[in-house]
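The structure under discussion appears below in the form of structure tokens.
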Amino acid sequence: MKSKNITLIILGIFFLLFPFIIKSEYYQHLVIIALMWVVIGSSWNLLAGYTGQVSFGHAIFFGVGAYTAGIFVTKLEISAWWGMLFGGFAAMLIALFVGWVCFRLRGPYFALATLAGSEIIRLVATNWESLTDGMVGILIIQSFRSKLPYYYIVLGLAAACIYAIHLLMKSKWGYYFVSIREDQDAAESLGINTTLYKNISLLISAFFAGSAGAFYMNYMAFIDPHVVFSLHYISIMAILVGIVGGVATIMGPAVGAFVMVGVQETFRSAFFGVAPRWISEAHALVFGLLVIFVIMFMANGIVGDWGKIKRVLLGTRPSA
Amino acid sequence: MTVFLQTLVAGVLIGGIYSLIGIGMTLIMGVMGIINLAHGQLMMVAMYITLVLFNVLHFDPYISLFVAMPCLFLLGVLIQKFLLNPLMKIESILPENQVLMTVGIGMVLTEIIRFIFSSDYKSVKTPYSSSAFFIGDISFSLPMCIAFGVALIFTGLLFWFLLKTDIGRSIRATAQDKDAATLMGVNTGRITVITFGLGSALVAAAGSLLLPIFYLFPDVGGPFTLKAFVITILGGLGSTVGAIVGGVVLGIAESLGATYIGMGYKEMVGFVIFVLVLVFLPGGLKRLTKI
């Protein structure tokens, strides 16, 4: 227990000092994006990993959060930073509706219903031009020129998200969530209102995903429906972050986020310009192959299968 | 009135093809209990096979159908045997691994095709692509009618296969109760492989039939996967009759939506139906027809 605390403190100090150690804006940008994915991945993990309701549509909440922040600027003319709070609430509002419809379904059907939901909302955002400006997207002016403020804001958000989920999973609610995942009927017969707790899990998850979306709007300063409601680059990426890192572990999505952003960037930039150009065109292919590989060989992710990975790397045999 | 009838006809005709896509999905769904999210992508592969045959050997798309179907059958068999079946044995927290796997497969197929053919829009120009005949004021597009007819034939054949042959009976038995089927001596592992192949072959037929009237690019699969999924929910999970009716209903609803609401919302009609079905008729049309 003690050594775990020390690791956490060292990690914390490292992340606090990171922008002073690495001055390159490019690497700072990558870490900011990775931290944003920590938030999205953790929120996905709460719903899918702990509560067992695999969402294929986390882009819904991410996108709604981003659009809330954007619309604050274009329509209400207030700062997009308000979106960090209200984007989360807007995502929760949508989540209420998503939950009302989708929790009628179980397992894979729930997953697909959320997928359909994200397609619906993408089409709405594309066609409702008076509110969202459609395919033109929303362009705002960044508040800061330096990356430092963004870095500390997203670091705070990620830390808050992980800590909140950590606390949540140690509470009574957390045990309810896990019991729903393990056996919904058994949980129901023990007197747990499964629909209520599934909705609670969804709402909390949506709030964090929405805040991450609002952060994205503030940081990137441009969104359009195809970016923030993208199936492959948001929803599937959220799942990958969770699965690669390890579902139903606190630190799993955090590890997964850094690994996935690293992999994505490595291939997108064709191994940072070393490899031939065509590699960068294959980065979506690598994504797909990674999905297959991870499911086949690392079903519980890096954190979940850490023992197995260590054995393979060190070449030792499993102790019986 | 003419506009309305015309819309209806167009909807029914495209609905025939949707049915063919939906049946493949519902079959796989019934036997394995998973939704195959690479379904539209498999169709896309079949369309590219047809395209290559047309460009290189000048095969008519309707002849290529008989090449594309076995090819896709084989592809489906390989996917099921080497990628999906092994997953049954892997212990993991989330049961949705197989669904996620099909997403991965779909992505890989799309990207491989993009690698080979680039993202350009392609289409096949046949002499009959834009020919049509008229009954009264209503025009019937010839390739759409052929597609509808062939779709009906394949559906009939599938029914005969499922009802009268040994393998067909085994498939239905596996869909009803996997454990019981195993106890009765059905090799369920083999049946899942055959079923996936069959579903892929059916969607390949749909792809070849669509090619003369549709355009083609690597991302064409995604929307069709979602359509097939909407059809399966609409028709009732695992119900073949439901898939046929669901396909036609979706076709009609989409063309009505495109005519009376606006082209931009055409895609959304399906999803609205989807939500309505889930809220008001969970279980889909299967609940009404009982088959």
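Chain labels follow the order of the structure tokens: the first chain is A, the next B, and so on; residue numbering restarts at 1 in every chain, and ligands are counted from 1 in their shown order.
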Please run DSSP on the backbone and report, as a PyMOL selection string, all residues within stretch 21-127 of chain B that come out as helix (DSSP H, G or I).
chain B and resi 21-32+39-57+61-89+97-117
So which residues touch stretch 241-246 of chain B within 7 Å, counting only C-alpha atoms, skipping near sequence neighbours fewer than 2 positions away, as an MDAnalysis selection string?
chainID B and resid 19 22:23 26 231:232 234:236 239 248:250 285:286 291
For C-alpha atoms, I'd like the residues from the last selection saved as a short mmCIF file (atom, residue, chain, number, x, y, z; two decimals), in the first residue's frame.
data_model
loop_
_atom_site.label_atom_id
_atom_site.label_comp_id
_atom_site.auth_asym_id
_atom_site.auth_seq_id
_atom_site.Cartn_x
_atom_site.Cartn_y
_atom_site.Cartn_z
CA SER B 19 -34.36 -7.25 -47.06
CA GLY B 22 -31.16 -7.70 -43.39
CA ILE B 23 -31.73 -11.45 -43.77
CA THR B 26 -30.60 -11.66 -38.85
CA ILE B 231 -33.93 -3.83 -40.11
CA THR B 232 -33.01 -6.55 -37.64
CA LEU B 234 -37.49 -3.60 -36.72
CA GLY B 235 -38.15 -7.15 -37.84
CA GLY B 236 -37.43 -8.72 -34.49
CA SER B 239 -36.64 -13.43 -37.42
CA VAL B 248 -39.42 -3.18 -47.23
CA VAL B 249 -40.75 -0.95 -44.46
CA LEU B 250 -37.37 0.76 -44.16
CA LEU B 285 -42.54 -7.10 -35.90
CA LYS B 286 -41.81 -10.61 -34.65
CA ILE B 291 -42.48 -16.10 -36.64
#
Long-range neighbours of A:Ile60 as a list of chain:residue names, 7 Å cut-off, only C-alpha atoms, 4 positions minimum in chain:
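The residues that qualify are A:Val64, A:Ser118, A:Ile121, A:Phe229.
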Could you write out, as a PyMOL selection string, all the residues of stretch 66-266 of chain B that DSSP marks as strand (DSSP E)?
chain B and resi 132-135+138-141
Quick one: write out the picked residues with C-alpha atoms as a compact mmCIF listing (two decimals), in the first residue's frame?
# COMPACT_ATOMS: atom_id res chain seq x y z
CA ALA B 132 -36.89 2.24 -67.11
CA PHE B 133 -40.37 1.23 -68.16
CA PHE B 134 -43.69 2.85 -67.36
CA ILE B 135 -46.97 1.57 -66.02
CA ILE B 138 -45.22 5.50 -62.64
CA SER B 139 -41.71 4.67 -63.81
CA PHE B 140 -40.07 1.40 -62.84
CA SER B 141 -36.29 1.42 -63.01
If I take atom CA of A:Ala187 and atom CA of A:Ile165, how far is one from the other in Å, to one decimal?
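According to the coordinates, atom CA of A:Ala187 and atom CA of A:Ile165 are separated by 21.0 Å.
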Counting only C-alpha atoms, which residues from chain A have an atom at most 6 Å from any atom of chain B, and could you show them as a list in words?
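Only these qualify: Pro108, Leu285, Gly288, Val291, Ile292 and Ala299 of chain A.
Proximity to stretch 166-174 of chain A at 9 Å, evaluated using only C-alpha atoms and with sequence-adjacent residues fewer than 2 positions away removed, yields Leu46, Tyr50, Thr51, Cys161, Ile162, Tyr163, Ala164, Tyr176, Phe177, Val178, Ser179, Tyr197, Ile200, Ser201 and Ile250 of chain A.
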Using only C-alpha atoms, which protein or nucleic acid residues come within 8 Å of stretch 138-147 of chain A? Drop anything in the same chain fewer than 6 positions from it, and give the result as number ranges by chain.
A: 25, 28-29, 70-71, 73-74, 132, 218-224
Near stretch 91-107 of chain A, within 9 Å and counting only C-alpha atoms, which residues show up once chain neighbours fewer than 3 positions away are dropped, as a compact mmCIF listing (two decimals) with N, CA, C and O atoms, in the first residue's frame?
# COMPACT_ATOMS: atom_id res chain seq x y z
N GLY A 52 -20.89 -2.75 -16.96
CA GLY A 52 -21.16 -3.79 -17.95
C GLY A 52 -22.03 -3.37 -19.10
O GLY A 52 -22.49 -4.19 -19.87
N GLN A 53 -22.30 -2.06 -19.23
CA GLN A 53 -23.13 -1.58 -20.34
C GLN A 53 -22.21 -0.98 -21.39
O GLN A 53 -21.88 0.20 -21.34
N VAL A 54 -21.79 -1.81 -22.35
CA VAL A 54 -20.81 -1.35 -23.32
C VAL A 54 -21.43 -0.34 -24.27
O VAL A 54 -22.39 -0.63 -24.96
N ILE A 60 -21.59 10.60 -28.57
CA ILE A 60 -22.79 11.40 -28.28
C ILE A 60 -22.46 12.44 -27.22
O ILE A 60 -22.68 13.64 -27.40
N PHE A 61 -21.92 11.96 -26.09
CA PHE A 61 -21.72 12.85 -24.94
C PHE A 61 -20.55 13.80 -25.19
O PHE A 61 -20.62 14.97 -24.85
N PHE A 62 -19.50 13.25 -25.80
CA PHE A 62 -18.35 14.08 -26.14
C PHE A 62 -18.78 15.21 -27.06
O PHE A 62 -18.50 16.38 -26.82
N GLY A 63 -19.53 14.85 -28.11
CA GLY A 63 -19.95 15.83 -29.11
C GLY A 63 -20.91 16.86 -28.53
O GLY A 63 -20.80 18.05 -28.82
N VAL A 64 -21.85 16.38 -27.70
CA VAL A 64 -22.81 17.32 -27.11
C VAL A 64 -22.08 18.33 -26.22
O VAL A 64 -22.36 19.53 -26.27
N GLY A 65 -21.11 17.84 -25.46
CA GLY A 65 -20.32 18.75 -24.63
C GLY A 65 -19.59 19.77 -25.48
O GLY A 65 -19.61 20.98 -25.18
N THR A 68 -22.05 22.24 -26.94
CA THR A 68 -22.56 23.18 -25.94
C THR A 68 -21.58 24.34 -25.77
O THR A 68 -21.96 25.52 -25.80
N PHE A 86 -21.32 23.28 -18.11
CA PHE A 86 -22.63 23.08 -18.69
C PHE A 86 -22.62 22.05 -19.83
O PHE A 86 -23.65 21.45 -20.12
N GLY A 87 -21.46 21.88 -20.46
CA GLY A 87 -21.35 20.82 -21.47
C GLY A 87 -21.61 19.48 -20.83
O GLY A 87 -22.29 18.62 -21.39
N GLY A 88 -21.06 19.31 -19.63
CA GLY A 88 -21.30 18.08 -18.88
C GLY A 88 -22.78 17.91 -18.57
O GLY A 88 -23.34 16.82 -18.74
N PHE A 110 -27.78 -3.15 -26.46
CA PHE A 110 -27.56 -1.83 -25.87
C PHE A 110 -26.42 -1.14 -26.61
O PHE A 110 -26.52 0.03 -27.00
N ALA A 111 -25.34 -1.90 -26.82
CA ALA A 111 -24.18 -1.34 -27.50
C ALA A 111 -24.59 -0.76 -28.85
O ALA A 111 -24.21 0.36 -29.20
N LEU A 112 -25.39 -1.53 -29.59
CA LEU A 112 -25.74 -1.09 -30.94
C LEU A 112 -26.73 0.06 -30.90
O LEU A 112 -26.72 0.92 -31.78
N ALA A 113 -27.58 0.07 -29.89
CA ALA A 113 -28.54 1.17 -29.80
C ALA A 113 -27.80 2.48 -29.56
O ALA A 113 -28.13 3.52 -30.15
N THR A 114 -26.74 2.44 -28.73
CA THR A 114 -25.98 3.66 -28.51
C THR A 114 -25.27 4.08 -29.79
O THR A 114 -25.14 5.27 -30.09
N GLY A 117 -27.70 5.77 -31.80
CA GLY A 117 -27.93 7.09 -31.20
C GLY A 117 -26.88 8.09 -31.66
O GLY A 117 -27.21 9.24 -31.98
N THR A 195 -32.23 -0.58 -13.33
CA THR A 195 -32.38 0.49 -14.32
C THR A 195 -31.92 1.82 -13.75
O THR A 195 -31.22 2.58 -14.41
N LYS A 198 -28.08 1.76 -13.49
CA LYS A 198 -27.48 1.85 -14.82
C LYS A 198 -27.55 3.29 -15.31
O LYS A 198 -26.61 3.81 -15.90
N ASN A 199 -28.68 3.94 -15.05
CA ASN A 199 -28.84 5.33 -15.47
C ASN A 199 -27.88 6.25 -14.72
O ASN A 199 -27.30 7.16 -15.31
N LEU A 202 -24.57 5.86 -16.24
CA LEU A 202 -24.55 6.53 -17.53
C LEU A 202 -24.44 8.05 -17.37
O LEU A 202 -23.68 8.70 -18.07
N LEU A 203 -25.18 8.60 -16.39
CA LEU A 203 -25.17 10.05 -16.20
C LEU A 203 -23.79 10.54 -15.79
O LEU A 203 -23.28 11.53 -16.32
N ILE A 204 -23.17 9.84 -14.85
CA ILE A 204 -21.85 10.27 -14.40
C ILE A 204 -20.86 10.16 -15.55
O ILE A 204 -20.05 11.07 -15.81
N SER A 205 -20.95 9.05 -16.27
CA SER A 205 -20.08 8.83 -17.42
C SER A 205 -20.27 9.95 -18.44
O SER A 205 -19.30 10.50 -18.97
N ALA A 206 -21.53 10.29 -18.72
CA ALA A 206 -21.83 11.32 -19.71
C ALA A 206 -21.28 12.67 -19.28
O ALA A 206 -20.77 13.44 -20.09
N PHE A 207 -21.36 12.96 -17.96
CA PHE A 207 -20.88 14.24 -17.49
C PHE A 207 -19.39 14.42 -17.82
O PHE A 207 -18.98 15.45 -18.37
N PHE A 208 -18.59 13.40 -17.51
CA PHE A 208 -17.15 13.53 -17.76
C PHE A 208 -16.85 13.59 -19.25
O PHE A 208 -16.01 14.37 -19.68
N ALA A 209 -17.53 12.74 -20.02
CA ALA A 209 -17.31 12.78 -21.47
C ALA A 209 -17.69 14.14 -22.03
O ALA A 209 -17.00 14.69 -22.90
N GLY A 210 -18.79 14.72 -21.52
CA GLY A 210 -19.21 16.04 -21.98
C GLY A 210 -18.20 17.11 -21.63
O GLY A 210 -17.89 17.98 -22.46
N SER A 211 -17.65 17.05 -20.41
CA SER A 211 -16.62 18.03 -20.03
C SER A 211 -15.41 17.90 -20.93
O SER A 211 -14.83 18.91 -21.35
N PRO B 95 -18.74 -9.18 -22.34
CA PRO B 95 -19.24 -10.18 -23.27
C PRO B 95 -19.35 -9.66 -24.71
O PRO B 95 -19.61 -10.42 -25.61
N GLU B 96 -19.11 -8.36 -24.90
CA GLU B 96 -19.33 -7.79 -26.23
C GLU B 96 -18.09 -7.89 -27.13
O GLU B 96 -18.02 -7.25 -28.16
N VAL B 275 -35.80 4.03 -33.01
CA VAL B 275 -36.12 4.46 -31.65
C VAL B 275 -37.59 4.20 -31.35
O VAL B 275 -37.94 3.70 -30.27
N LEU B 278 -38.15 0.58 -30.58
CA LEU B 278 -37.65 0.20 -29.25
C LEU B 278 -38.58 0.67 -28.16
O LEU B 278 -38.80 -0.01 -27.16
N VAL B 279 -39.17 1.86 -28.35
CA VAL B 279 -40.00 2.42 -27.29
C VAL B 279 -41.40 1.80 -27.31
O VAL B 279 -41.94 1.43 -26.27
N PRO B 282 -41.08 -3.06 -28.51
CA PRO B 282 -39.84 -3.80 -28.27
C PRO B 282 -40.06 -5.25 -28.67
O PRO B 282 -41.06 -5.84 -28.34
Pull the closest atom pair for each residue of stretch 48-111 of chain B that gets at most 10 Å from stretch 184-199 of chain B, along with the distance in Å to one decimal, counting only C-alpha atoms, ordering rows by chain and then ascending residue number, as a Markdown table.
| residue | atom | partner | partner_atom | distance |
| --- | --- | --- | --- | --- |
| B:Met69 | CA | B:Leu198 | CA | 8.9 |
| B:Pro70 | CA | B:Gly197 | CA | 8.7 |
| B:Cys71 | CA | B:Gly197 | CA | 9.5 |
| B:Leu72 | CA | B:Gly197 | CA | 7.0 |
| B:Phe73 | CA | B:Gly197 | CA | 4.2 |
| B:Leu74 | CA | B:Gly197 | CA | 6.3 |
| B:Leu75 | CA | B:Gly197 | CA | 7.1 |
| B:Gly76 | CA | B:Gly197 | CA | 4.3 |
| B:Val77 | CA | B:Gly197 | CA | 4.8 |
| B:Leu78 | CA | B:Val193 | CA | 8.0 |
| B:Ile79 | CA | B:Phe196 | CA | 8.3 |
| B:Gln80 | CA | B:Val193 | CA | 5.4 |
| B:Lys81 | CA | B:Val193 | CA | 6.0 |
| B:Phe82 | CA | B:Val193 | CA | 9.7 |
| B:Leu84 | CA | B:Val193 | CA | 9.2 |
| B:Asn85 | CA | B:Gly189 | CA | 7.5 |
Would you output that residue set with N, CA, C and O atoms, as a PDB file, in the first residue's frame?
ATOM      1  N   MET B  69     -20.553 -14.210 -54.694  1.00  0.00           N
ATOM      2  CA  MET B  69     -21.162 -14.952 -53.587  1.00  0.00           C
ATOM      3  C   MET B  69     -20.249 -16.030 -53.010  1.00  0.00           C
ATOM      4  O   MET B  69     -20.032 -16.056 -51.797  1.00  0.00           O
ATOM      5  N   PRO B  70     -19.676 -16.918 -53.846  1.00  0.00           N
ATOM      6  CA  PRO B  70     -18.746 -17.902 -53.261  1.00  0.00           C
ATOM      7  C   PRO B  70     -17.538 -17.263 -52.600  1.00  0.00           C
ATOM      8  O   PRO B  70     -17.088 -17.713 -51.533  1.00  0.00           O
ATOM      9  N   CYS B  71     -17.014 -16.184 -53.205  1.00  0.00           N
ATOM     10  CA  CYS B  71     -15.855 -15.503 -52.613  1.00  0.00           C
ATOM     11  C   CYS B  71     -16.188 -15.041 -51.194  1.00  0.00           C
ATOM     12  O   CYS B  71     -15.429 -15.255 -50.254  1.00  0.00           O
ATOM     13  N   LEU B  72     -17.340 -14.393 -51.087  1.00  0.00           N
ATOM     14  CA  LEU B  72     -17.723 -13.853 -49.777  1.00  0.00           C
ATOM     15  C   LEU B  72     -18.088 -14.964 -48.800  1.00  0.00           C
ATOM     16  O   LEU B  72     -17.856 -14.845 -47.602  1.00  0.00           O
ATOM     17  N   PHE B  73     -18.645 -16.048 -49.343  1.00  0.00           N
ATOM     18  CA  PHE B  73     -18.930 -17.192 -48.483  1.00  0.00           C
ATOM     19  C   PHE B  73     -17.624 -17.640 -47.821  1.00  0.00           C
ATOM     20  O   PHE B  73     -17.537 -17.824 -46.618  1.00  0.00           O
ATOM     21  N   LEU B  74     -16.596 -17.750 -48.661  1.00  0.00           N
ATOM     22  CA  LEU B  74     -15.285 -18.181 -48.166  1.00  0.00           C
ATOM     23  C   LEU B  74     -14.736 -17.187 -47.150  1.00  0.00           C
ATOM     24  O   LEU B  74     -14.259 -17.570 -46.073  1.00  0.00           O
ATOM     25  N   LEU B  75     -14.838 -15.905 -47.471  1.00  0.00           N
ATOM     26  CA  LEU B  75     -14.342 -14.870 -46.563  1.00  0.00           C
ATOM     27  C   LEU B  75     -15.060 -14.969 -45.218  1.00  0.00           C
ATOM     28  O   LEU B  75     -14.441 -14.921 -44.157  1.00  0.00           O
ATOM     29  N   GLY B  76     -16.389 -15.126 -45.298  1.00  0.00           N
ATOM     30  CA  GLY B  76     -17.172 -15.240 -44.075  1.00  0.00           C
ATOM     31  C   GLY B  76     -16.758 -16.447 -43.257  1.00  0.00           C
ATOM     32  O   GLY B  76     -16.609 -16.372 -42.032  1.00  0.00           O
ATOM     33  N   VAL B  77     -16.546 -17.580 -43.946  1.00  0.00           N
ATOM     34  CA  VAL B  77     -16.133 -18.802 -43.256  1.00  0.00           C
ATOM     35  C   VAL B  77     -14.807 -18.580 -42.539  1.00  0.00           C
ATOM     36  O   VAL B  77     -14.642 -18.938 -41.374  1.00  0.00           O
ATOM     37  N   LEU B  78     -13.867 -17.944 -43.250  1.00  0.00           N
ATOM     38  CA  LEU B  78     -12.547 -17.713 -42.657  1.00  0.00           C
ATOM     39  C   LEU B  78     -12.662 -16.804 -41.435  1.00  0.00           C
ATOM     40  O   LEU B  78     -12.042 -17.067 -40.391  1.00  0.00           O
ATOM     41  N   ILE B  79     -13.451 -15.735 -41.567  1.00  0.00           N
ATOM     42  CA  ILE B  79     -13.599 -14.804 -40.445  1.00  0.00           C
ATOM     43  C   ILE B  79     -14.156 -15.522 -39.234  1.00  0.00           C
ATOM     44  O   ILE B  79     -13.645 -15.429 -38.123  1.00  0.00           O
ATOM     45  N   GLN B  80     -15.220 -16.285 -39.464  1.00  0.00           N
ATOM     46  CA  GLN B  80     -15.860 -16.963 -38.340  1.00  0.00           C
ATOM     47  C   GLN B  80     -14.922 -17.998 -37.719  1.00  0.00           C
ATOM     48  O   GLN B  80     -14.799 -18.096 -36.505  1.00  0.00           O
ATOM     49  N   LYS B  81     -14.232 -18.746 -38.575  1.00  0.00           N
ATOM     50  CA  LYS B  81     -13.424 -19.858 -38.079  1.00  0.00           C
ATOM     51  C   LYS B  81     -12.195 -19.362 -37.322  1.00  0.00           C
ATOM     52  O   LYS B  81     -11.879 -19.866 -36.255  1.00  0.00           O
ATOM     53  N   PHE B  82     -11.540 -18.344 -37.866  1.00  0.00           N
ATOM     54  CA  PHE B  82     -10.262 -17.955 -37.276  1.00  0.00           C
ATOM     55  C   PHE B  82     -10.329 -16.721 -36.380  1.00  0.00           C
ATOM     56  O   PHE B  82      -9.418 -16.488 -35.604  1.00  0.00           O
ATOM     57  N   LEU B  84     -13.707 -15.206 -35.021  1.00  0.00           N
ATOM     58  CA  LEU B  84     -14.809 -15.092 -34.072  1.00  0.00           C
ATOM     59  C   LEU B  84     -14.940 -16.315 -33.172  1.00  0.00           C
ATOM     60  O   LEU B  84     -15.125 -16.181 -31.964  1.00  0.00           O
ATOM     61  N   ASN B  85     -14.844 -17.522 -33.745  1.00  0.00           N
ATOM     62  CA  ASN B  85     -14.994 -18.711 -32.900  1.00  0.00           C
ATOM     63  C   ASN B  85     -13.952 -18.815 -31.784  1.00  0.00           C
ATOM     64  O   ASN B  85     -14.313 -19.185 -30.673  1.00  0.00           O
TER      65      ASN B  85
END
